[in-house]
Amino acid sequence: MAESWIAAGSAERLAQRPIVAIRVGTHDLILVGEGDAIHACERACPHEQADLCLGHVADGRLHCPRHQASFGLNDGRISPGWSSRDLRRYPVRVIDDVVWVDVGDA
């Protein structure tokens, strides 16, 4: 898979809101801040395409605003009991307060 790092904005934005909607190339994603970590994931829930930007973060999981399934921020795994694929995640780097996301061949 080829790397395709694209600047996605300032890491400082996540200090104001824990979930920020972004568009990286042709991809609608969210940045999720949790402590010192920043995660990049697809914006639409894989179950019913709810806007995960409207969800919330608790205990290392991103919770969908529509059906309350949750996804692990470190691995994208959906909570037990849901028949949906895991959440697609993207590699993140922070360099001089700029968040870079690798959308690769996605």
# chains A, B, ... in the order shown; residues from 1 in each chain; ligands from 1
$ residues_around --residues "Gln49 of chain A" --least-positions-apart "3" --cutoff "12 Å" --atoms "only C-alpha atoms" --output "PyMOL selection string"
chain A and resi 28+42-46+52-54+64-67+84-85+87
$ write_last_selection --atoms "N, CA and C atoms" --output "compact mmCIF listing (two decimals), in the first residue's frame"
# COMPACT_ATOMS: atom_id res chain seq x y z
N ASP A 28 -14.06 11.66 3.77
CA ASP A 28 -14.67 12.32 4.93
C ASP A 28 -14.29 11.51 6.16
N GLU A 42 -12.91 6.77 9.69
CA GLU A 42 -13.97 7.15 8.75
C GLU A 42 -15.07 7.87 9.53
N ARG A 43 -15.76 8.79 8.86
CA ARG A 43 -16.77 9.60 9.54
C ARG A 43 -18.11 8.90 9.66
N ALA A 44 -18.47 8.09 8.68
CA ALA A 44 -19.78 7.42 8.69
C ALA A 44 -19.68 6.09 9.41
N CYS A 45 -20.60 5.85 10.32
CA CYS A 45 -20.65 4.57 11.02
C CYS A 45 -20.86 3.45 10.01
N PRO A 46 -20.08 2.37 10.09
CA PRO A 46 -20.26 1.27 9.14
C PRO A 46 -21.58 0.52 9.31
N LEU A 52 -20.46 9.98 12.85
CA LEU A 52 -19.72 9.72 14.09
C LEU A 52 -19.14 10.99 14.70
N CYS A 53 -19.14 12.08 13.97
CA CYS A 53 -18.72 13.36 14.54
C CYS A 53 -19.67 13.79 15.66
N LEU A 54 -20.88 13.26 15.65
CA LEU A 54 -21.88 13.57 16.67
C LEU A 54 -21.85 12.60 17.83
N CYS A 64 -21.27 5.53 18.74
CA CYS A 64 -22.14 6.02 17.68
C CYS A 64 -23.33 6.76 18.28
N PRO A 65 -23.72 7.90 17.71
CA PRO A 65 -24.86 8.65 18.25
C PRO A 65 -26.21 8.02 17.94
N ARG A 66 -26.27 7.12 16.97
CA ARG A 66 -27.56 6.55 16.55
C ARG A 66 -27.92 5.29 17.32
N HIS A 67 -27.00 4.35 17.43
CA HIS A 67 -27.40 3.06 17.99
C HIS A 67 -26.55 2.63 19.18
N SER A 84 -21.75 -5.76 12.16
CA SER A 84 -21.21 -4.77 11.25
C SER A 84 -19.70 -4.94 11.19
N ARG A 85 -19.09 -4.42 10.16
CA ARG A 85 -17.64 -4.46 10.08
C ARG A 85 -17.05 -3.47 11.08
N LEU A 87 -14.59 -0.36 12.37
CA LEU A 87 -14.39 1.01 11.91
C LEU A 87 -13.04 1.12 11.19
$ select_by_dssp --residues "chain A" --states "strand (DSSP E or B)" --output "PyMOL selection string"
chain A and resi 5-10+19-24+27-34+37-42+44+51+56-58+61-63+70-72+78+89-90+92-95+98-102
$ atom_distance --atom1 "atom CA of Arg13 of chain A" --atom2 "atom CA of Ala58 of chain A"
18.8 Å
$ residues_around --residues "Val98 of chain A" --least-positions-apart "6" --cutoff "12 Å" --atoms "only C-alpha atoms" --output "list in words"
Trp5, Ile6, Ala7, Ala8, Gly9, Ser10, Ala11, Glu12, Arg13, Leu14, Ile38 and Val92 of chain A
$ write_last_selection --atoms "C-alpha atoms" --output "PDB file, in the first residue's frame"
ATOM      1  CA  TRP A   5       0.200  11.674   3.875  1.00  0.00           C
ATOM      2  CA  ILE A   6      -2.060  14.731   3.744  1.00  0.00           C
ATOM      3  CA  ALA A   7      -2.169  17.647   6.197  1.00  0.00           C
ATOM      4  CA  ALA A   8      -5.476  17.523   8.083  1.00  0.00           C
ATOM      5  CA  GLY A   9      -5.251  20.604  10.289  1.00  0.00           C
ATOM      6  CA  SER A  10      -3.962  21.709  13.649  1.00  0.00           C
ATOM      7  CA  ALA A  11      -3.705  19.359  16.615  1.00  0.00           C
ATOM      8  CA  GLU A  12      -4.736  22.315  18.766  1.00  0.00           C
ATOM      9  CA  ARG A  13      -8.306  22.075  17.388  1.00  0.00           C
ATOM     10  CA  LEU A  14      -8.748  18.838  19.347  1.00  0.00           C
ATOM     11  CA  ILE A  38      -4.965  11.451  18.036  1.00  0.00           C
ATOM     12  CA  VAL A  92      -1.721   9.698  12.016  1.00  0.00           C
TER      13      VAL A  92
END
$ residues_around --residues "Val32 of chain A" --least-positions-apart "6" --cutoff "6 Å" --atoms "only C-alpha atoms" --output "ChimeraX atom specification"
/A:18-19,38-39
$ select_by_dssp --residues "chain A" --states "alpha helix (DSSP H)" --output "PyMOL selection string"
chain A and resi 13-16
